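The file entry23.cif contains mmCIF, N, CA and C atoms and all ligand atoms:
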```cif
data_work
loop_
_atom_site.label_atom_id
_atom_site.label_comp_id
_atom_site.auth_asym_id
_atom_site.auth_seq_id
_atom_site.Cartn_x
_atom_site.Cartn_y
_atom_site.Cartn_z
N MET A 85 0.86 -1.20 0.00
CA MET A 85 0.00 0.00 0.00
C MET A 85 0.89 1.24 0.00
N PRO A 86 0.70 2.14 -0.96
CA PRO A 86 1.50 3.38 -0.95
C PRO A 86 1.24 4.17 0.32
N GLU A 87 2.18 5.01 0.65
CA GLU A 87 2.03 5.84 1.85
C GLU A 87 0.78 6.71 1.73
N LEU A 88 -0.07 6.64 2.75
CA LEU A 88 -1.27 7.48 2.76
C LEU A 88 -0.93 8.81 3.42
N THR A 89 -1.62 9.86 2.99
CA THR A 89 -1.44 11.14 3.66
C THR A 89 -2.16 11.09 5.01
N LYS A 90 -1.84 12.07 5.87
CA LYS A 90 -2.47 12.13 7.18
C LYS A 90 -3.99 12.23 7.05
N VAL A 91 -4.44 13.04 6.10
CA VAL A 91 -5.87 13.23 5.87
C VAL A 91 -6.52 11.94 5.35
N GLU A 92 -5.85 11.24 4.46
CA GLU A 92 -6.38 9.95 3.97
C GLU A 92 -6.48 8.94 5.10
N LYS A 93 -5.49 8.94 5.99
CA LYS A 93 -5.55 8.02 7.14
C LYS A 93 -6.77 8.31 8.01
N LEU A 94 -7.04 9.60 8.25
CA LEU A 94 -8.22 9.98 9.04
C LEU A 94 -9.50 9.48 8.37
N ALA A 95 -9.59 9.70 7.06
CA ALA A 95 -10.79 9.28 6.31
C ALA A 95 -10.91 7.76 6.34
N GLY A 96 -9.80 7.06 6.17
CA GLY A 96 -9.82 5.59 6.18
C GLY A 96 -10.28 5.05 7.53
N ARG A 97 -9.81 5.66 8.61
CA ARG A 97 -10.21 5.21 9.95
C ARG A 97 -11.71 5.43 10.18
N LYS A 98 -12.20 6.57 9.72
CA LYS A 98 -13.64 6.87 9.86
C LYS A 98 -14.47 5.87 9.03
N PHE A 99 -14.03 5.62 7.81
CA PHE A 99 -14.75 4.72 6.91
C PHE A 99 -14.80 3.30 7.49
N VAL A 100 -13.67 2.78 7.92
CA VAL A 100 -13.65 1.39 8.41
C VAL A 100 -14.46 1.27 9.70
N ALA A 101 -14.42 2.29 10.55
CA ALA A 101 -15.22 2.25 11.79
C ALA A 101 -16.71 2.23 11.47
N ASP A 102 -17.13 3.05 10.52
CA ASP A 102 -18.55 3.11 10.14
C ASP A 102 -19.00 1.80 9.48
N GLN A 103 -18.16 1.27 8.60
CA GLN A 103 -18.51 0.02 7.90
C GLN A 103 -18.55 -1.16 8.85
N GLN A 104 -17.59 -1.20 9.77
CA GLN A 104 -17.55 -2.31 10.73
C GLN A 104 -18.78 -2.26 11.63
N ALA A 105 -19.17 -1.05 12.05
CA ALA A 105 -20.36 -0.90 12.90
C ALA A 105 -21.62 -1.36 12.14
N ALA A 106 -21.71 -1.01 10.86
CA ALA A 106 -22.87 -1.41 10.06
C ALA A 106 -22.90 -2.93 9.87
N LEU A 107 -21.73 -3.53 9.68
CA LEU A 107 -21.67 -4.98 9.51
C LEU A 107 -22.11 -5.70 10.79
N LEU A 108 -21.63 -5.23 11.93
CA LEU A 108 -22.04 -5.83 13.20
C LEU A 108 -23.54 -5.64 13.43
N ALA A 109 -24.05 -4.46 13.07
CA ALA A 109 -25.48 -4.20 13.22
C ALA A 109 -26.30 -5.16 12.37
N SER A 110 -25.79 -5.52 11.18
CA SER A 110 -26.51 -6.45 10.30
C SER A 110 -26.63 -7.83 10.93
N HIS A 111 -25.69 -8.17 11.82
CA HIS A 111 -25.78 -9.47 12.51
C HIS A 111 -26.90 -9.46 13.56
N MET A 112 -27.30 -8.26 13.99
CA MET A 112 -28.41 -8.14 14.94
C MET A 112 -29.74 -8.09 14.19
N THR A 113 -29.81 -7.27 13.13
CA THR A 113 -31.08 -7.03 12.45
C THR A 113 -31.41 -8.14 11.45
N ASP A 114 -30.38 -8.76 10.88
CA ASP A 114 -30.58 -9.78 9.85
C ASP A 114 -29.53 -10.87 10.06
N PRO A 115 -29.65 -11.61 11.19
CA PRO A 115 -28.57 -12.53 11.54
C PRO A 115 -28.44 -13.69 10.54
N PRO A 116 -27.19 -13.99 10.12
CA PRO A 116 -26.98 -15.15 9.26
C PRO A 116 -27.08 -16.43 10.09
N LYS A 117 -27.34 -17.56 9.43
CA LYS A 117 -27.36 -18.82 10.17
C LYS A 117 -25.95 -19.17 10.65
N TYR A 118 -24.96 -18.88 9.83
CA TYR A 118 -23.57 -19.19 10.18
C TYR A 118 -22.73 -17.93 10.15
N THR A 119 -21.86 -17.80 11.15
CA THR A 119 -20.88 -16.72 11.16
C THR A 119 -19.56 -17.30 10.70
N VAL A 120 -18.96 -16.67 9.69
CA VAL A 120 -17.75 -17.23 9.08
C VAL A 120 -16.58 -16.27 9.26
N LEU A 121 -15.39 -16.75 8.96
CA LEU A 121 -14.21 -15.91 9.04
C LEU A 121 -14.01 -15.20 7.69
N PRO A 122 -13.54 -13.94 7.75
CA PRO A 122 -13.55 -13.13 6.53
C PRO A 122 -12.60 -13.60 5.43
N TRP A 123 -11.64 -14.46 5.76
CA TRP A 123 -10.69 -14.92 4.73
C TRP A 123 -11.11 -16.27 4.14
N HIS A 124 -12.20 -16.85 4.62
CA HIS A 124 -12.65 -18.13 4.07
C HIS A 124 -13.34 -17.95 2.72
N LYS A 125 -13.19 -18.95 1.84
CA LYS A 125 -13.84 -18.90 0.53
C LYS A 125 -15.07 -19.81 0.47
N ILE A 126 -15.02 -20.88 1.26
CA ILE A 126 -16.20 -21.74 1.37
C ILE A 126 -16.42 -22.07 2.84
N TYR A 127 -17.67 -22.43 3.16
CA TYR A 127 -18.00 -22.86 4.52
C TYR A 127 -18.80 -24.15 4.39
N ARG A 128 -18.31 -25.20 5.07
CA ARG A 128 -19.02 -26.48 5.00
C ARG A 128 -20.04 -26.55 6.13
N HIS A 129 -21.26 -26.95 5.77
CA HIS A 129 -22.34 -27.02 6.76
C HIS A 129 -23.15 -28.30 6.52
N PRO A 130 -23.80 -28.81 7.56
CA PRO A 130 -24.68 -29.97 7.37
C PRO A 130 -25.97 -29.50 6.70
N CYS A 131 -26.09 -29.78 5.42
CA CYS A 131 -27.17 -29.18 4.62
C CYS A 131 -28.48 -29.94 4.82
N THR A 132 -29.49 -29.22 5.29
CA THR A 132 -30.79 -29.86 5.54
C THR A 132 -31.47 -30.28 4.24
N ALA A 133 -31.07 -29.66 3.12
CA ALA A 133 -31.64 -30.04 1.82
C ALA A 133 -31.01 -31.34 1.30
N ARG A 134 -29.94 -31.80 1.95
CA ARG A 134 -29.25 -33.02 1.51
C ARG A 134 -29.10 -33.99 2.69
N ASP A 135 -30.13 -34.07 3.51
CA ASP A 135 -30.14 -34.99 4.67
C ASP A 135 -28.93 -34.79 5.58
N GLY A 136 -28.52 -33.54 5.75
CA GLY A 136 -27.44 -33.24 6.68
C GLY A 136 -26.04 -33.55 6.18
N VAL A 137 -25.92 -33.84 4.89
CA VAL A 137 -24.59 -34.10 4.32
C VAL A 137 -23.78 -32.81 4.33
N SER A 138 -22.52 -32.91 4.70
CA SER A 138 -21.63 -31.75 4.72
C SER A 138 -21.50 -31.17 3.31
N THR A 139 -21.85 -29.90 3.17
CA THR A 139 -21.95 -29.28 1.85
C THR A 139 -21.25 -27.93 1.87
N ALA A 140 -20.60 -27.62 0.76
CA ALA A 140 -19.88 -26.35 0.66
C ALA A 140 -20.83 -25.21 0.33
N LEU A 141 -20.72 -24.16 1.08
CA LEU A 141 -21.48 -22.92 0.83
C LEU A 141 -20.45 -21.90 0.35
N GLU A 142 -20.62 -21.40 -0.85
CA GLU A 142 -19.64 -20.47 -1.41
C GLU A 142 -19.80 -19.08 -0.79
N LEU A 143 -18.69 -18.53 -0.33
CA LEU A 143 -18.70 -17.19 0.26
C LEU A 143 -18.18 -16.20 -0.76
N ARG A 144 -18.95 -15.16 -0.98
CA ARG A 144 -18.56 -14.13 -1.95
C ARG A 144 -18.13 -12.87 -1.23
N GLU A 145 -17.28 -12.14 -1.93
CA GLU A 145 -16.78 -10.89 -1.38
C GLU A 145 -17.84 -9.79 -1.55
N VAL A 146 -18.11 -9.06 -0.49
CA VAL A 146 -18.93 -7.85 -0.59
C VAL A 146 -17.97 -6.67 -0.45
N TYR A 147 -17.93 -5.85 -1.48
CA TYR A 147 -16.96 -4.76 -1.56
C TYR A 147 -17.72 -3.44 -1.58
N THR A 148 -17.46 -2.60 -0.60
CA THR A 148 -18.13 -1.30 -0.52
C THR A 148 -17.08 -0.20 -0.69
N PHE A 149 -17.32 0.71 -1.63
CA PHE A 149 -16.41 1.84 -1.81
C PHE A 149 -16.69 2.92 -0.77
N SER A 150 -15.66 3.63 -0.38
CA SER A 150 -15.82 4.74 0.56
C SER A 150 -16.49 5.92 -0.14
N PRO A 151 -17.27 6.72 0.63
CA PRO A 151 -17.79 7.98 0.09
C PRO A 151 -16.67 9.03 0.12
N ALA A 152 -16.95 10.20 -0.42
CA ALA A 152 -16.00 11.31 -0.30
C ALA A 152 -15.99 11.80 1.16
N TYR A 153 -14.83 12.19 1.62
CA TYR A 153 -14.72 12.76 2.96
C TYR A 153 -14.17 14.17 2.86
N TYR A 154 -14.71 15.05 3.69
CA TYR A 154 -14.25 16.43 3.76
C TYR A 154 -13.59 16.59 5.12
N VAL A 155 -12.30 16.67 5.10
CA VAL A 155 -11.56 16.73 6.36
C VAL A 155 -11.16 18.18 6.61
N VAL A 156 -11.71 18.74 7.70
CA VAL A 156 -11.48 20.14 8.04
C VAL A 156 -10.08 20.30 8.63
N ASP A 157 -9.40 21.37 8.25
CA ASP A 157 -8.06 21.64 8.80
C ASP A 157 -8.10 21.74 10.32
N GLU A 158 -7.02 21.28 10.92
CA GLU A 158 -6.89 21.42 12.36
C GLU A 158 -6.50 22.86 12.69
N ASN A 159 -6.69 23.21 13.96
CA ASN A 159 -6.19 24.49 14.49
C ASN A 159 -6.78 25.72 13.83
N LEU A 160 -8.02 25.57 13.30
CA LEU A 160 -8.70 26.76 12.81
C LEU A 160 -9.28 27.50 14.00
N PRO A 161 -9.33 28.84 13.95
CA PRO A 161 -10.07 29.57 14.99
C PRO A 161 -11.52 29.09 15.01
N ASP A 162 -12.15 29.06 16.19
CA ASP A 162 -13.49 28.49 16.34
C ASP A 162 -14.50 29.04 15.33
N GLU A 163 -14.51 30.38 15.17
CA GLU A 163 -15.53 30.96 14.30
C GLU A 163 -15.31 30.55 12.84
N VAL A 164 -14.06 30.38 12.45
CA VAL A 164 -13.77 29.96 11.07
C VAL A 164 -14.13 28.47 10.90
N ALA A 165 -13.81 27.65 11.93
CA ALA A 165 -14.11 26.22 11.86
C ALA A 165 -15.61 26.00 11.73
N GLU A 166 -16.40 26.81 12.49
CA GLU A 166 -17.86 26.67 12.46
C GLU A 166 -18.42 27.03 11.08
N TRP A 167 -17.94 28.10 10.53
CA TRP A 167 -18.35 28.55 9.21
C TRP A 167 -17.96 27.50 8.17
N ASN A 168 -16.77 26.98 8.31
CA ASN A 168 -16.25 25.96 7.40
C ASN A 168 -17.14 24.71 7.44
N THR A 169 -17.57 24.32 8.67
CA THR A 169 -18.40 23.14 8.84
C THR A 169 -19.76 23.34 8.21
N GLU A 170 -20.32 24.54 8.36
CA GLU A 170 -21.61 24.84 7.72
C GLU A 170 -21.50 24.71 6.20
N LEU A 171 -20.43 25.22 5.68
CA LEU A 171 -20.22 25.13 4.24
C LEU A 171 -20.12 23.68 3.80
N ASN A 172 -19.58 22.83 4.68
CA ASN A 172 -19.44 21.41 4.33
C ASN A 172 -20.78 20.77 4.01
N GLY A 173 -21.85 21.30 4.62
CA GLY A 173 -23.18 20.78 4.35
C GLY A 173 -23.54 20.90 2.87
N ASP A 174 -22.94 21.87 2.22
CA ASP A 174 -23.15 22.04 0.78
C ASP A 174 -21.96 21.53 -0.02
N SER A 175 -21.18 20.67 0.62
CA SER A 175 -20.03 20.07 -0.05
C SER A 175 -19.01 21.09 -0.53
N VAL A 176 -18.89 22.16 0.21
CA VAL A 176 -17.87 23.17 -0.11
C VAL A 176 -16.89 23.16 1.06
N LEU A 177 -15.64 23.11 0.74
CA LEU A 177 -14.64 23.08 1.79
C LEU A 177 -13.60 24.14 1.48
N VAL A 178 -13.45 25.07 2.42
CA VAL A 178 -12.51 26.16 2.17
C VAL A 178 -11.19 25.88 2.85
N PHE A 179 -11.27 25.48 4.14
CA PHE A 179 -10.04 25.22 4.88
C PHE A 179 -9.98 23.73 5.20
N GLY A 180 -9.65 22.96 4.23
CA GLY A 180 -9.58 21.53 4.47
C GLY A 180 -9.21 20.80 3.20
N THR A 181 -9.38 19.48 3.26
CA THR A 181 -8.95 18.62 2.15
C THR A 181 -10.06 17.64 1.82
N ILE A 182 -10.29 17.41 0.56
CA ILE A 182 -11.27 16.41 0.12
C ILE A 182 -10.55 15.10 -0.18
N VAL A 183 -11.04 14.04 0.44
CA VAL A 183 -10.58 12.70 0.06
C VAL A 183 -11.66 12.15 -0.88
N PRO A 184 -11.33 11.91 -2.14
CA PRO A 184 -12.37 11.56 -3.11
C PRO A 184 -13.06 10.24 -2.81
N ALA A 185 -14.29 10.11 -3.31
CA ALA A 185 -15.02 8.85 -3.17
C ALA A 185 -14.23 7.72 -3.82
N ALA A 186 -14.45 6.51 -3.31
CA ALA A 186 -13.81 5.30 -3.85
C ALA A 186 -12.30 5.30 -3.65
N ARG A 187 -11.83 6.03 -2.62
CA ARG A 187 -10.41 5.98 -2.28
C ARG A 187 -10.08 4.68 -1.55
N PHE A 188 -11.09 4.16 -0.79
CA PHE A 188 -10.91 2.93 -0.01
C PHE A 188 -12.03 1.95 -0.32
N GLY A 189 -11.78 0.71 0.01
CA GLY A 189 -12.82 -0.31 -0.05
C GLY A 189 -12.89 -1.03 1.28
N PHE A 190 -14.09 -1.51 1.61
CA PHE A 190 -14.27 -2.34 2.80
C PHE A 190 -14.81 -3.68 2.30
N ILE A 191 -14.15 -4.76 2.71
CA ILE A 191 -14.48 -6.09 2.18
C ILE A 191 -14.89 -7.03 3.32
N TYR A 192 -16.05 -7.65 3.15
CA TYR A 192 -16.40 -8.77 4.03
C TYR A 192 -16.97 -9.88 3.18
N LYS A 193 -17.27 -11.02 3.80
CA LYS A 193 -17.74 -12.18 3.04
C LYS A 193 -19.15 -12.55 3.45
N GLN A 194 -19.92 -13.01 2.46
CA GLN A 194 -21.21 -13.61 2.75
C GLN A 194 -21.59 -14.58 1.65
N GLY A 195 -22.56 -15.43 1.96
CA GLY A 195 -23.01 -16.40 0.98
C GLY A 195 -24.31 -17.03 1.43
N GLN A 196 -24.90 -17.80 0.51
CA GLN A 196 -26.15 -18.50 0.81
C GLN A 196 -26.12 -19.85 0.11
N CYS A 197 -26.51 -20.89 0.83
CA CYS A 197 -26.55 -22.24 0.25
C CYS A 197 -27.68 -22.32 -0.78
N ARG A 198 -27.36 -22.88 -1.94
CA ARG A 198 -28.37 -23.03 -2.98
C ARG A 198 -29.42 -24.06 -2.60
N GLY A 199 -29.02 -25.02 -1.74
CA GLY A 199 -29.96 -26.08 -1.35
C GLY A 199 -30.89 -25.64 -0.24
N CYS A 200 -30.34 -25.44 0.95
CA CYS A 200 -31.17 -25.17 2.13
C CYS A 200 -31.40 -23.68 2.37
N LYS A 201 -30.75 -22.83 1.59
CA LYS A 201 -30.90 -21.36 1.69
C LYS A 201 -30.31 -20.77 2.97
N ALA A 202 -29.52 -21.57 3.70
CA ALA A 202 -28.87 -21.04 4.90
C ALA A 202 -27.90 -19.93 4.50
N THR A 203 -27.84 -18.89 5.33
CA THR A 203 -26.96 -17.76 5.04
C THR A 203 -25.73 -17.79 5.93
N ALA A 204 -24.65 -17.21 5.44
CA ALA A 204 -23.41 -17.09 6.20
C ALA A 204 -22.83 -15.71 5.94
N ARG A 205 -22.24 -15.11 6.98
CA ARG A 205 -21.64 -13.77 6.84
C ARG A 205 -20.52 -13.62 7.86
N SER A 206 -19.49 -12.90 7.49
CA SER A 206 -18.42 -12.62 8.45
C SER A 206 -18.83 -11.48 9.38
N ARG A 207 -18.25 -11.48 10.57
CA ARG A 207 -18.55 -10.40 11.53
C ARG A 207 -17.59 -9.23 11.36
N THR A 208 -16.48 -9.49 10.68
CA THR A 208 -15.50 -8.44 10.48
C THR A 208 -15.16 -8.32 9.00
N GLY A 209 -14.67 -7.17 8.65
CA GLY A 209 -14.21 -6.93 7.29
C GLY A 209 -12.86 -6.26 7.36
N ARG A 210 -12.35 -5.91 6.19
CA ARG A 210 -11.05 -5.24 6.20
C ARG A 210 -11.05 -4.06 5.24
N LEU A 211 -10.21 -3.09 5.59
CA LEU A 211 -10.05 -1.89 4.79
C LEU A 211 -8.95 -2.14 3.76
N VAL A 212 -9.22 -1.76 2.51
CA VAL A 212 -8.18 -1.86 1.49
C VAL A 212 -8.04 -0.52 0.77
N ASP A 213 -6.87 -0.30 0.22
CA ASP A 213 -6.62 0.84 -0.66
C ASP A 213 -7.26 0.49 -2.00
N ALA A 214 -8.30 1.23 -2.38
CA ALA A 214 -9.05 0.85 -3.59
C ALA A 214 -8.22 1.00 -4.85
N TYR A 215 -7.16 1.81 -4.81
CA TYR A 215 -6.30 1.95 -5.98
C TYR A 215 -5.48 0.66 -6.19
N ASP A 216 -5.11 0.03 -5.07
CA ASP A 216 -4.31 -1.21 -5.13
C ASP A 216 -5.18 -2.45 -5.25
N ARG A 217 -6.34 -2.39 -4.62
CA ARG A 217 -7.18 -3.58 -4.51
C ARG A 217 -8.62 -3.22 -4.86
N PRO A 218 -8.90 -3.12 -6.18
CA PRO A 218 -10.29 -2.88 -6.60
C PRO A 218 -11.13 -4.12 -6.38
N PRO A 219 -12.45 -4.05 -6.59
CA PRO A 219 -13.28 -5.24 -6.44
C PRO A 219 -12.86 -6.32 -7.43
N LEU A 220 -12.98 -7.57 -7.03
CA LEU A 220 -12.71 -8.68 -7.94
C LEU A 220 -13.76 -8.64 -9.05
N GLU A 221 -13.33 -8.89 -10.26
CA GLU A 221 -14.27 -8.86 -11.38
C GLU A 221 -15.35 -9.92 -11.20
N GLY A 222 -16.58 -9.53 -11.47
CA GLY A 222 -17.67 -10.50 -11.39
C GLY A 222 -18.17 -10.73 -9.97
N ARG A 223 -17.58 -10.01 -9.01
CA ARG A 223 -18.04 -10.15 -7.64
C ARG A 223 -18.97 -8.99 -7.28
N ILE A 224 -19.54 -9.07 -6.11
CA ILE A 224 -20.50 -8.05 -5.68
C ILE A 224 -19.74 -6.75 -5.39
N ALA A 225 -20.16 -5.70 -6.05
CA ALA A 225 -19.60 -4.38 -5.75
C ALA A 225 -20.76 -3.42 -5.59
N ARG A 226 -20.66 -2.55 -4.63
CA ARG A 226 -21.72 -1.55 -4.46
C ARG A 226 -21.15 -0.31 -3.82
ZN ZN A 301 -27.35 -26.03 2.73
#
```
For the file at hand, write its structure as structure tokens.
Amino acid sequence: MPELTKVEKLAGRKFVADQQAALLASHMTDPPKYTVLPWHKIYRHPCTARDGVSTALELREVYTFSPAYYVVDENLPDEVAEWNTELNGDSVLVFGTIVPAARFGFIYKQGQCRGCKATARSRTGRLVDAYDRPPLEGRIAR
């Protein structure tokens, strides 16, 4: 991974924290039958559609691109920082730096058995530099 700027690091930390929180929340609101590890490609389960025979469930990569981030400069006088933040609501940044959308990706795994329809999802994902590691072709990207 090429050296990230200080502002890119801030944006990356914010993005991965938000994505990880959303992924954990999905385990509460829409829990998968199986929780898998994020580096696994298949998960073997006793498939109820095949009389409990151990069956491979293919896990696919879910790749989410980061949004644009507007990082306000540090050490601005309060009144300028406040004005700057208001402007950010209209996507205008005067004293700060824009980290463009799709600078990072967040990757986790999920899948569903074709037979019994059981679902599997990882509880954690990982942050990648989207310039170095774009989505795999033919995989889920959003
Ligand atoms: Zn199954």
**OP:** Write out as a ChimeraX atom specification each polymer residue (protein, DNA or RNA) that has an atom no more than 6.5 Å from ligand ZN 301 (chain A), with all atoms listed in the file counted.
**Re:** /A:129-134,139,197-202
Original post:
Between atom N of Arg217 of chain A and atom C of Gly189 of chain A, what is the distance, to one decimal in Å?
Top reply: 8.9 Å
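The residue set within 8 Å of segment 94-111 of chain A, counting only C-alpha atoms and dropping same-chain residues fewer than 3 places from it, reads Lys90, Val91, Asp114, Pro115, Pro116, Ser150, Tyr153, Val155, Val183, Phe188, Phe190, Arg207, Thr208, Gly209, Arg210 and Leu211 of chain A.
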Keeping only N, CA and C atoms, write those residues as a PDB file, in the coordinates of the input.
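Just written: result.pdb:
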```
ATOM      1  N   LYS A  90      -1.840  12.070   5.870  1.00  0.00           N
ATOM      2  CA  LYS A  90      -2.470  12.130   7.180  1.00  0.00           C
ATOM      3  C   LYS A  90      -3.990  12.230   7.050  1.00  0.00           C
ATOM      4  N   VAL A  91      -4.440  13.040   6.100  1.00  0.00           N
ATOM      5  CA  VAL A  91      -5.870  13.230   5.870  1.00  0.00           C
ATOM      6  C   VAL A  91      -6.520  11.940   5.350  1.00  0.00           C
ATOM      7  N   ASP A 114     -30.380  -8.760  10.880  1.00  0.00           N
ATOM      8  CA  ASP A 114     -30.580  -9.780   9.850  1.00  0.00           C
ATOM      9  C   ASP A 114     -29.530 -10.870  10.060  1.00  0.00           C
ATOM     10  N   PRO A 115     -29.650 -11.610  11.190  1.00  0.00           N
ATOM     11  CA  PRO A 115     -28.570 -12.530  11.540  1.00  0.00           C
ATOM     12  C   PRO A 115     -28.440 -13.690  10.540  1.00  0.00           C
ATOM     13  N   PRO A 116     -27.190 -13.990  10.120  1.00  0.00           N
ATOM     14  CA  PRO A 116     -26.980 -15.150   9.260  1.00  0.00           C
ATOM     15  C   PRO A 116     -27.080 -16.430  10.090  1.00  0.00           C
ATOM     16  N   SER A 150     -15.660   3.630  -0.380  1.00  0.00           N
ATOM     17  CA  SER A 150     -15.820   4.740   0.560  1.00  0.00           C
ATOM     18  C   SER A 150     -16.490   5.920  -0.140  1.00  0.00           C
ATOM     19  N   TYR A 153     -14.830  12.190   1.620  1.00  0.00           N
ATOM     20  CA  TYR A 153     -14.720  12.760   2.960  1.00  0.00           C
ATOM     21  C   TYR A 153     -14.170  14.170   2.860  1.00  0.00           C
ATOM     22  N   VAL A 155     -12.300  16.670   5.100  1.00  0.00           N
ATOM     23  CA  VAL A 155     -11.560  16.730   6.360  1.00  0.00           C
ATOM     24  C   VAL A 155     -11.160  18.180   6.610  1.00  0.00           C
ATOM     25  N   VAL A 183     -11.040  14.040   0.440  1.00  0.00           N
ATOM     26  CA  VAL A 183     -10.580  12.700   0.060  1.00  0.00           C
ATOM     27  C   VAL A 183     -11.660  12.150  -0.880  1.00  0.00           C
ATOM     28  N   PHE A 188     -11.090   4.160  -0.790  1.00  0.00           N
ATOM     29  CA  PHE A 188     -10.910   2.930  -0.010  1.00  0.00           C
ATOM     30  C   PHE A 188     -12.030   1.950  -0.320  1.00  0.00           C
ATOM     31  N   PHE A 190     -14.090  -1.510   1.610  1.00  0.00           N
ATOM     32  CA  PHE A 190     -14.270  -2.340   2.800  1.00  0.00           C
ATOM     33  C   PHE A 190     -14.810  -3.680   2.300  1.00  0.00           C
ATOM     34  N   ARG A 207     -18.250 -11.480  10.570  1.00  0.00           N
ATOM     35  CA  ARG A 207     -18.550 -10.400  11.530  1.00  0.00           C
ATOM     36  C   ARG A 207     -17.590  -9.230  11.360  1.00  0.00           C
ATOM     37  N   THR A 208     -16.480  -9.490  10.680  1.00  0.00           N
ATOM     38  CA  THR A 208     -15.500  -8.440  10.480  1.00  0.00           C
ATOM     39  C   THR A 208     -15.160  -8.320   9.000  1.00  0.00           C
ATOM     40  N   GLY A 209     -14.670  -7.170   8.650  1.00  0.00           N
ATOM     41  CA  GLY A 209     -14.210  -6.930   7.290  1.00  0.00           C
ATOM     42  C   GLY A 209     -12.860  -6.260   7.360  1.00  0.00           C
ATOM     43  N   ARG A 210     -12.350  -5.910   6.190  1.00  0.00           N
ATOM     44  CA  ARG A 210     -11.050  -5.240   6.200  1.00  0.00           C
ATOM     45  C   ARG A 210     -11.050  -4.060   5.240  1.00  0.00           C
ATOM     46  N   LEU A 211     -10.210  -3.090   5.590  1.00  0.00           N
ATOM     47  CA  LEU A 211     -10.050  -1.890   4.790  1.00  0.00           C
ATOM     48  C   LEU A 211      -8.950  -2.140   3.760  1.00  0.00           C
TER      49      LEU A 211
END
```
**OP:** Write out as a PyMOL selection string all residues of segment 97-139 of chain A that DSSP puts in alpha helix (DSSP H) for this structure's backbone.
**Re:** chain A and resi 97-113
**OP:** Would you kindly return, as a list of chain:residue names, each protein, DNA or RNA residue with an atom no farther than 5 Å from any atom of Pro151 of chain A, considering only N, CA and C atoms and excluding same-chain residues fewer than 6 positions away?
**Re:** A:Pro184, A:Ala185, A:Ala186
Original post:
Got a sec: who's within 10 Å of Val120 of chain A, counting only C-alpha atoms, leaving out chain neighbours fewer than 5 positions off, as a ChimeraX atom specification?
Top reply: /A:125-127,143,192-195,204-208
Subject >> Interatomic distance, atom CA of Pro218 of chain A to atom N of Arg128 of chain A (Å, one decimal) >> reply: 26.4 Å
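For the choices A:Thr203, A:Ala214, A:Lys93, A:Glu142, the atom-to-atom distance to Tyr118 of chain A is smallest for A:Thr203 when using only C-alpha atoms.
Atom pair atom CA of Phe149 of chain A / atom CA of Asp216 of chain A: separated by 12.9 Å.
Distance check against Leu141 of chain A using only C-alpha atoms: of A:Pro219, A:Thr181, A:Lys117, A:Leu160, the minimum falls on A:Lys117.
Proximity ranking of A:Val156, A:Asp162, A:Asp213, A:Leu220 relative to Arg187 of chain A places A:Asp213 first, based on only N, CA and C atoms.
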